[in-house]
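Trainee: Coordinates in work35.cif, mmCIF, C-alpha atoms and all ligand atoms, are listed below.
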data_my_file
loop_
_atom_site.label_atom_id
_atom_site.label_comp_id
_atom_site.auth_asym_id
_atom_site.auth_seq_id
_atom_site.Cartn_x
_atom_site.Cartn_y
_atom_site.Cartn_z
CA MET I 73 -3.15 -9.88 -153.08
CA GLN I 74 -0.51 -10.26 -150.40
CA THR I 75 2.49 -7.93 -150.69
CA ASN I 76 5.95 -8.42 -149.36
CA LYS I 77 7.97 -5.34 -148.36
CA LEU I 78 11.76 -5.26 -148.59
CA TYR I 79 13.89 -2.40 -147.23
CA LEU I 80 16.19 -1.75 -150.20
CA TYR I 81 16.88 1.98 -150.27
CA PRO I 82 18.72 3.32 -147.19
CA VAL I 83 18.30 7.02 -146.32
CA TRP I 84 21.60 8.08 -147.89
CA VAL I 85 20.68 6.43 -151.22
CA ARG I 86 17.33 8.26 -151.22
CA LEU I 87 18.96 11.61 -150.37
CA TRP I 88 21.61 11.10 -153.03
CA HIS I 89 18.99 10.03 -155.58
CA VAL I 90 16.66 13.01 -155.12
CA MET I 91 19.60 15.44 -155.39
CA ASN I 92 20.99 13.54 -158.38
CA ALA I 93 17.64 13.46 -160.22
CA LEU I 94 16.94 17.17 -159.59
CA MET I 95 20.40 18.30 -160.65
CA CYS I 96 20.35 16.10 -163.77
CA LEU I 97 17.00 17.59 -164.79
CA ILE I 98 18.28 21.17 -164.34
CA LEU I 99 21.50 20.28 -166.20
CA ILE I 100 19.60 18.73 -169.12
CA ILE I 101 17.14 21.64 -169.43
CA SER I 102 19.84 24.36 -169.14
CA GLY I 103 22.24 22.35 -171.36
CA VAL I 104 19.69 21.87 -174.13
CA SER I 105 18.75 25.55 -173.89
CA MET I 106 22.42 26.60 -174.36
CA GLN I 107 23.03 24.09 -177.15
CA TYR I 108 20.02 24.89 -179.32
CA SER I 109 18.96 28.38 -178.32
CA ASN I 110 18.52 31.18 -180.79
CA PRO I 111 20.43 34.03 -179.10
CA GLU I 112 17.47 36.34 -179.72
CA TYR I 113 14.78 34.00 -178.40
CA PRO I 114 16.49 31.63 -175.96
CA PHE I 115 14.43 29.07 -174.07
CA ILE I 116 16.31 30.23 -170.94
CA ARG I 117 18.31 33.51 -171.14
CA PHE I 118 21.86 32.42 -172.07
CA ASP I 119 23.74 33.91 -169.08
CA LEU I 120 21.10 32.49 -166.72
CA ALA I 121 21.35 29.03 -168.35
CA VAL I 122 25.17 29.14 -167.94
CA SER I 123 24.87 29.96 -164.21
CA MET I 124 22.17 27.29 -163.68
CA HIS I 125 24.35 24.72 -165.49
CA ASN I 126 27.53 25.60 -163.54
CA ILE I 127 25.88 25.62 -160.11
CA SER I 128 23.92 22.40 -160.63
CA GLY I 129 27.07 20.75 -162.08
CA ILE I 130 28.97 21.60 -158.88
CA ILE I 131 26.13 20.25 -156.69
CA LEU I 132 25.95 17.08 -158.86
CA SER I 133 29.70 16.56 -158.36
CA ALA I 134 29.28 16.75 -154.56
CA SER I 135 26.34 14.33 -154.64
CA TYR I 136 28.30 11.97 -156.92
CA LEU I 137 31.11 11.94 -154.36
CA MET I 138 28.52 10.95 -151.73
CA PHE I 139 27.27 8.12 -154.00
CA PHE I 140 30.80 6.91 -154.76
CA ILE I 141 31.90 6.87 -151.11
CA GLY I 142 28.56 5.39 -149.97
CA ASN I 143 28.80 2.53 -152.46
CA ARG I 144 32.48 1.96 -151.65
CA PHE I 145 31.92 1.62 -147.91
CA THR I 146 28.39 0.20 -147.50
CA ALA I 147 26.66 -3.00 -148.66
CA ASN I 148 24.84 -1.04 -151.39
CA GLY I 149 27.97 -1.23 -153.57
CA LYS I 150 27.55 -4.99 -154.11
CA HIS I 151 24.48 -4.38 -156.29
CA TYR I 152 26.66 -2.55 -158.85
CA ARG I 153 29.28 -5.29 -159.33
CA ILE I 154 28.94 -6.60 -162.87
CA ARG I 155 30.18 -10.18 -163.42
CA ILE I 156 31.38 -10.78 -166.96
CA GLN I 157 30.72 -14.54 -166.76
CA GLY I 158 27.18 -15.23 -168.00
CA LEU I 159 26.51 -11.49 -168.50
CA ILE I 160 25.18 -11.64 -172.07
CA ALA I 161 22.91 -14.62 -171.32
CA SER I 162 21.45 -12.90 -168.22
CA LEU I 163 20.85 -9.65 -170.16
CA ILE I 164 19.06 -11.57 -172.93
CA LYS I 165 16.96 -13.50 -170.38
CA GLN I 166 15.83 -10.25 -168.71
CA ALA I 167 15.21 -8.49 -172.06
CA ARG I 168 13.14 -11.47 -173.23
CA TYR I 169 11.05 -11.19 -170.07
CA TYR I 170 10.45 -7.46 -170.65
CA ALA I 171 9.60 -8.07 -174.33
CA PHE I 172 7.34 -11.15 -173.98
CA GLY I 173 7.19 -12.87 -170.57
CA ILE I 174 5.78 -9.90 -168.69
CA PHE I 175 2.81 -9.71 -171.10
CA LYS I 176 2.09 -13.43 -170.63
CA GLY I 177 2.06 -13.10 -166.84
CA GLU I 178 5.30 -15.09 -166.38
CA GLN I 179 7.25 -14.78 -163.12
CA PRO I 180 10.32 -12.48 -163.37
CA PRO I 181 13.52 -14.49 -164.02
CA TYR I 182 15.40 -12.49 -161.34
CA PRO I 183 12.96 -11.68 -158.51
CA VAL I 184 13.92 -8.72 -156.30
CA SER I 185 15.62 -9.68 -153.02
CA THR I 186 17.89 -8.00 -150.48
CA GLU I 187 20.79 -9.95 -152.00
CA MET I 188 19.95 -8.88 -155.56
CA LYS I 189 17.83 -5.74 -155.73
CA PHE I 190 18.59 -5.06 -159.41
CA ASN I 191 17.85 -7.39 -162.31
CA PRO I 192 20.80 -7.89 -164.76
CA LEU I 193 19.62 -5.10 -167.11
CA GLN I 194 19.30 -2.66 -164.19
CA ARG I 195 22.67 -3.67 -162.76
CA PHE I 196 24.32 -3.19 -166.15
CA THR I 197 22.69 0.15 -167.05
CA TYR I 198 22.98 1.60 -163.52
CA GLY I 199 26.65 0.53 -163.40
CA LEU I 200 27.41 1.94 -166.86
CA THR I 201 25.63 5.24 -166.11
CA MET I 202 27.02 5.76 -162.60
CA TYR I 203 30.58 4.56 -163.22
CA LEU I 204 31.15 5.69 -166.81
CA PHE I 205 28.69 8.27 -168.18
CA VAL I 206 28.29 10.39 -165.02
CA PRO I 207 32.07 10.51 -164.22
CA LEU I 208 32.72 11.37 -167.90
CA VAL I 209 30.19 14.21 -167.91
CA LEU I 210 31.59 15.54 -164.61
CA ILE I 211 35.28 15.37 -165.58
CA THR I 212 34.68 17.01 -168.98
CA GLY I 213 32.34 19.57 -167.35
CA TRP I 214 35.01 20.60 -164.81
CA ALA I 215 37.59 20.78 -167.62
CA LEU I 216 35.28 23.10 -169.60
CA LEU I 217 34.78 25.23 -166.47
CA PHE I 218 38.59 25.65 -166.34
CA PRO I 219 39.49 25.51 -170.06
CA GLU I 220 43.11 26.49 -169.38
CA THR I 221 43.58 22.91 -168.07
CA ILE I 222 42.67 21.40 -171.47
CA VAL I 223 45.41 20.47 -173.99
CA THR I 224 45.18 22.73 -177.03
CA ASN I 225 45.68 20.01 -179.62
CA PHE I 226 44.22 16.50 -179.37
CA PHE I 227 45.24 14.39 -182.40
CA GLY I 228 44.70 17.37 -184.67
CA PHE I 229 41.37 18.39 -183.07
CA GLY I 230 41.06 21.41 -180.82
CA GLY I 231 41.23 20.09 -177.21
CA ILE I 232 38.23 22.16 -176.13
CA GLN I 233 36.21 20.93 -179.12
CA ALA I 234 37.03 17.27 -178.32
CA THR I 235 36.22 17.77 -174.61
CA SER I 236 32.96 19.48 -175.45
CA LEU I 237 31.99 16.66 -177.85
CA LEU I 238 32.63 14.08 -175.12
CA HIS I 239 30.64 16.20 -172.63
CA VAL I 240 27.62 16.54 -174.91
CA THR I 241 27.74 12.82 -175.84
CA ALA I 242 27.83 11.74 -172.18
CA GLY I 243 25.01 14.22 -171.40
CA PHE I 244 22.94 12.79 -174.27
CA LEU I 245 23.48 9.20 -173.03
CA ILE I 246 22.45 10.19 -169.49
CA SER I 247 19.30 11.87 -170.89
CA LEU I 248 18.51 8.69 -172.82
CA PHE I 249 19.11 6.60 -169.68
CA LEU I 250 16.79 8.93 -167.72
CA ILE I 251 13.85 8.50 -170.11
CA ILE I 252 14.20 4.70 -170.21
CA HIS I 253 14.85 4.57 -166.42
CA VAL I 254 11.69 6.49 -165.52
CA TYR I 255 9.62 4.37 -167.94
CA PHE I 256 10.94 1.11 -166.45
CA CYS I 257 10.32 2.44 -162.92
CA THR I 258 6.59 2.35 -163.76
CA ILE I 259 6.85 -1.46 -164.13
CA GLY I 260 6.39 -2.45 -160.53
CA HIS I 261 3.81 -3.88 -158.17
CA SER I 262 1.70 -0.89 -159.30
CA PRO I 263 2.77 1.93 -161.69
CA SER I 264 3.59 4.18 -158.71
CA SER I 265 5.05 1.65 -156.24
CA ASN I 266 8.71 2.01 -157.33
CA PHE I 267 8.48 5.80 -157.01
CA LYS I 268 7.03 5.36 -153.52
CA SER I 269 9.91 3.07 -152.61
CA MET I 270 12.39 5.87 -153.36
CA ILE I 271 10.52 7.95 -150.73
CA ASP I 272 10.04 5.44 -147.89
CA GLY I 273 12.85 2.99 -148.74
CA TYR I 274 10.60 -0.10 -149.02
CA HIS I 275 10.23 -2.07 -152.24
CA GLU I 276 6.81 -3.68 -152.70
CA ALA I 277 7.13 -7.16 -154.16
CA HIS I 278 4.40 -9.68 -155.03
C1 LIG I 301 12.98 12.36 -162.68
C2 LIG I 301 14.05 11.66 -162.46
C3 LIG I 301 14.14 10.28 -161.84
C4 LIG I 301 13.17 9.48 -161.30
C5 LIG I 301 11.67 9.76 -161.18
C6 LIG I 301 13.82 8.28 -160.83
C7 LIG I 301 13.20 7.20 -160.21
C8 LIG I 301 13.84 6.13 -159.60
C9 LIG I 301 13.20 5.08 -158.86
C10 LIG I 301 11.69 4.98 -158.65
C11 LIG I 301 14.14 4.22 -158.43
C12 LIG I 301 13.92 2.96 -157.60
C13 LIG I 301 13.61 1.79 -158.45
C14 LIG I 301 14.84 1.17 -159.03
O1 LIG I 301 15.80 0.86 -158.31
O2 LIG I 301 14.83 0.97 -160.25
C15 LIG I 301 15.42 4.74 -158.88
C16 LIG I 301 16.64 4.18 -158.60
C17 LIG I 301 17.83 4.59 -159.15
N1 LIG I 301 18.00 5.67 -160.00
FE1 LIG I 301 16.60 6.99 -160.56
N2 LIG I 301 15.15 8.36 -161.11
C18 LIG I 301 15.39 9.58 -161.72
C19 LIG I 301 16.60 10.06 -162.15
C20 LIG I 301 17.79 9.35 -162.12
C21 LIG I 301 19.02 9.78 -162.74
C22 LIG I 301 19.20 11.10 -163.50
C23 LIG I 301 19.94 8.81 -162.48
C24 LIG I 301 21.38 8.72 -162.89
C25 LIG I 301 22.04 9.62 -163.59
C26 LIG I 301 19.29 7.78 -161.69
C27 LIG I 301 19.90 6.64 -161.22
C28 LIG I 301 19.32 5.71 -160.39
C29 LIG I 301 20.05 4.64 -159.73
C30 LIG I 301 21.54 4.32 -159.89
C31 LIG I 301 19.11 3.96 -158.93
C32 LIG I 301 19.40 2.80 -157.99
C33 LIG I 301 19.83 3.37 -156.64
C34 LIG I 301 20.23 2.29 -155.62
O3 LIG I 301 19.32 1.66 -155.10
O4 LIG I 301 21.44 2.10 -155.41
N3 LIG I 301 17.97 8.13 -161.49
N4 LIG I 301 15.19 5.88 -159.61
#
Reformat the file's structure so that it appears as structure tokens.
Mentor:
Amino acid sequence: MQTNKLYLYPVWVRLWHVMNALMCLILIISGVSMQYSNPEYPFIRFDLAVSMHNISGIILSASYLMFFIGNRFTANGKHYRIRIQGLIASLIKQARYYAFGIFKGEQPPYPVSTEMKFNPLQRFTYGLTMYLFVPLVLITGWALLFPETIVTNFFGFGGIQATSLLHVTAGFLISLFLIIHVYFCTIGHSPSSNFKSMIDGYHEAH
């Protein structure tokens, strides 16, 4: 079968992505270890998990800044712009394809192109994760690193407690995104082709 290669992932996106993925994995593993560990038998020794979490959080913040500036000043940012008009219909069309059409060998409703590298579901979930969940986890993480900056009383709740709840919720949503993201990345020209494209920059299309 003939394949068509499109250059969709510039070097800075690939560098940002590998750093982002690695740091998120370390943050999730160390975060879960701190949250659920039995002090006597921790998955990762508590003080070590705290250091791992703080250092990878700082590196993630720097790489997020790179992503934010890169998307603001290069053409990559256009792929993240969500248009409200027709949004629900396009999400349903793509979800219908993933649920049924793909198994019947139908053509994708939004084929990958240099103008539109993400389908509507990708655009929506990548946008939500990168412009809401990740900033939320970073801002609350920095606040917890410097707890003296947090208000002591937030509508009757302890400020630290409320910040920590927001932090854990955002972390949970990112973890959920990660599992679904990696699964959907296996739906490509071949199960490994999307992973390869994040190494060499070229997307393999039919
Ligand atoms: C083990 C971890 C991960 C793997 C193996 C992975 C894999 C991939 C692959 C193969 C792509 C290219 C295909 C596509 O565009 O859908 C991609 C793109 C992307 N990933 Fe991941 N990913 C991981 C973690 C993450 C995490 C933690 C986030 C966000 C918190 C993330 C956000 C994104 C975004 C926003 C893109 C699109 C980048 C662009 O082209 O602008 N990924 N990922």
Trainee: Residues up to 7 Å from ligand LIG 301 (chain I), counting all atoms listed in the file: could you list those as a PDB file with C-alpha atoms, keeping the file's coordinate frame?
Mentor:
ATOM      1  CA  LEU I  80      16.190  -1.750-150.200  1.00  0.00           C
ATOM      2  CA  TYR I  81      16.880   1.980-150.270  1.00  0.00           C
ATOM      3  CA  VAL I  85      20.680   6.430-151.220  1.00  0.00           C
ATOM      4  CA  HIS I  89      18.990  10.030-155.580  1.00  0.00           C
ATOM      5  CA  ASN I  92      20.990  13.540-158.380  1.00  0.00           C
ATOM      6  CA  ALA I  93      17.640  13.460-160.220  1.00  0.00           C
ATOM      7  CA  LEU I  94      16.940  17.170-159.590  1.00  0.00           C
ATOM      8  CA  CYS I  96      20.350  16.100-163.770  1.00  0.00           C
ATOM      9  CA  LEU I  97      17.000  17.590-164.790  1.00  0.00           C
ATOM     10  CA  ASN I 148      24.840  -1.040-151.390  1.00  0.00           C
ATOM     11  CA  PHE I 190      18.590  -5.060-159.410  1.00  0.00           C
ATOM     12  CA  GLN I 194      19.300  -2.660-164.190  1.00  0.00           C
ATOM     13  CA  TYR I 198      22.980   1.600-163.520  1.00  0.00           C
ATOM     14  CA  THR I 201      25.630   5.240-166.110  1.00  0.00           C
ATOM     15  CA  MET I 202      27.020   5.760-162.600  1.00  0.00           C
ATOM     16  CA  VAL I 206      28.290  10.390-165.020  1.00  0.00           C
ATOM     17  CA  ILE I 246      22.450  10.190-169.490  1.00  0.00           C
ATOM     18  CA  LEU I 250      16.790   8.930-167.720  1.00  0.00           C
ATOM     19  CA  HIS I 253      14.850   4.570-166.420  1.00  0.00           C
ATOM     20  CA  VAL I 254      11.690   6.490-165.520  1.00  0.00           C
ATOM     21  CA  CYS I 257      10.320   2.440-162.920  1.00  0.00           C
ATOM     22  CA  ASN I 266       8.710   2.010-157.330  1.00  0.00           C
ATOM     23  CA  PHE I 267       8.480   5.800-157.010  1.00  0.00           C
ATOM     24  CA  LYS I 268       7.030   5.360-153.520  1.00  0.00           C
ATOM     25  CA  SER I 269       9.910   3.070-152.610  1.00  0.00           C
ATOM     26  CA  MET I 270      12.390   5.870-153.360  1.00  0.00           C
TER      27      MET I 270
END
Trainee: Take the point (28.4, 9.4, -154.1) as written in the file and pick out every residue within 12 Å of it, counting all atoms listed in the file; give the list as an MDAnalysis selection string.
Mentor: chainID I and resid 84:89 91:92 131:146 148:149 202:203 206:207
Trainee: What is the distance, in Å and to one decimal place, between atom CA of Ile100 of chain I and atom CA of His125 of chain I?
Mentor: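 Separation between atom CA of Ile100 of chain I and atom CA of His125 of chain I: 8.5 Å.
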Trainee: Neighbouring residues of segment 223-235 of chain I were defined as those with any atom within 8 Å, considering all atoms listed in the file; residues of the same chain fewer than 6 positions away were excluded. Please report them as a ChimeraX atom specification.
Mentor: /I:212,215-216
Trainee: Using all atoms listed in the file, which protein or nucleic acid residues come within 12 Å of Ile174 of chain I? Drop anything in the same chain fewer than 6 positions from it, and give the result as an mmCIF file with C-alpha atoms, in the frame of the given file.
Mentor:
data_model
loop_
_atom_site.group_PDB
_atom_site.id
_atom_site.type_symbol
_atom_site.label_atom_id
_atom_site.label_comp_id
_atom_site.auth_asym_id
_atom_site.auth_seq_id
_atom_site.Cartn_x
_atom_site.Cartn_y
_atom_site.Cartn_z
ATOM 1 C CA LYS I 165 16.960 -13.500 -170.380
ATOM 2 C CA GLN I 166 15.830 -10.250 -168.710
ATOM 3 C CA ALA I 167 15.210 -8.490 -172.060
ATOM 4 C CA ARG I 168 13.140 -11.470 -173.230
ATOM 5 C CA PRO I 180 10.320 -12.480 -163.370
ATOM 6 C CA PRO I 181 13.520 -14.490 -164.020
ATOM 7 C CA ILE I 259 6.850 -1.460 -164.130
ATOM 8 C CA GLY I 260 6.390 -2.450 -160.530
#
Trainee: Quick one: of I:Asn191, I:Arg153, I:Phe244, I:Ile130, who's nearest to Tyr169 of chain I, counting only C-alpha atoms?
Mentor: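 Among the listed residues, I:Asn191 lies closest to Tyr169 of chain I.
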Trainee: For segment 216-228 of chain I, what centre and edge lengths in Å (one decimal) does the axis-aligned box get once 3 Å is added on each side of all its listed atoms, as JSON?
Mentor:
{"center_x": 40.2, "center_y": 20.4, "center_z": -175.5, "size_x": 16.9, "size_y": 18.1, "size_z": 24.3}
Trainee: Hey, what's within 7 Å of Val209 of chain I if we count all atoms listed in the file and toss same-chain stuff fewer than 6 positions away? As a ChimeraX atom specification, please?
Mentor: /I:239,242-243
Trainee: If you measure from atom CA of Lys77 of chain I to atom CA of Gly158 of chain I, what distance in Å do you get, rounded to one decimal?
Mentor: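 Value for the atom CA of Lys77 of chain I-atom CA of Gly158 of chain I distance: 29.2 Å.
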Trainee: Restricting the calculation to only C-alpha atoms: of I:Asn76, I:Ser128, I:Ser262, I:Ser109, which residue gets closest to Pro183 of chain I?
Mentor: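 Distance minimum relative to Pro183 of chain I lands on I:Asn76.
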Trainee: Could you tell me which of I:Phe118, I:Thr186, I:Gly199, I:Gln107 comes closest to Ser236 of chain I if we count only C-alpha atoms?
Mentor: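 Ranked by minimum distance to Ser236 of chain I, first place goes to I:Gln107.
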Trainee: Between I:Ala171, I:Leu99, I:Val90, I:Leu200, which one has atoms that come closest to Val240 of chain I, using all atoms listed in the file?
Mentor: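 For Val240 of chain I, the nearest of the candidates is I:Leu99.
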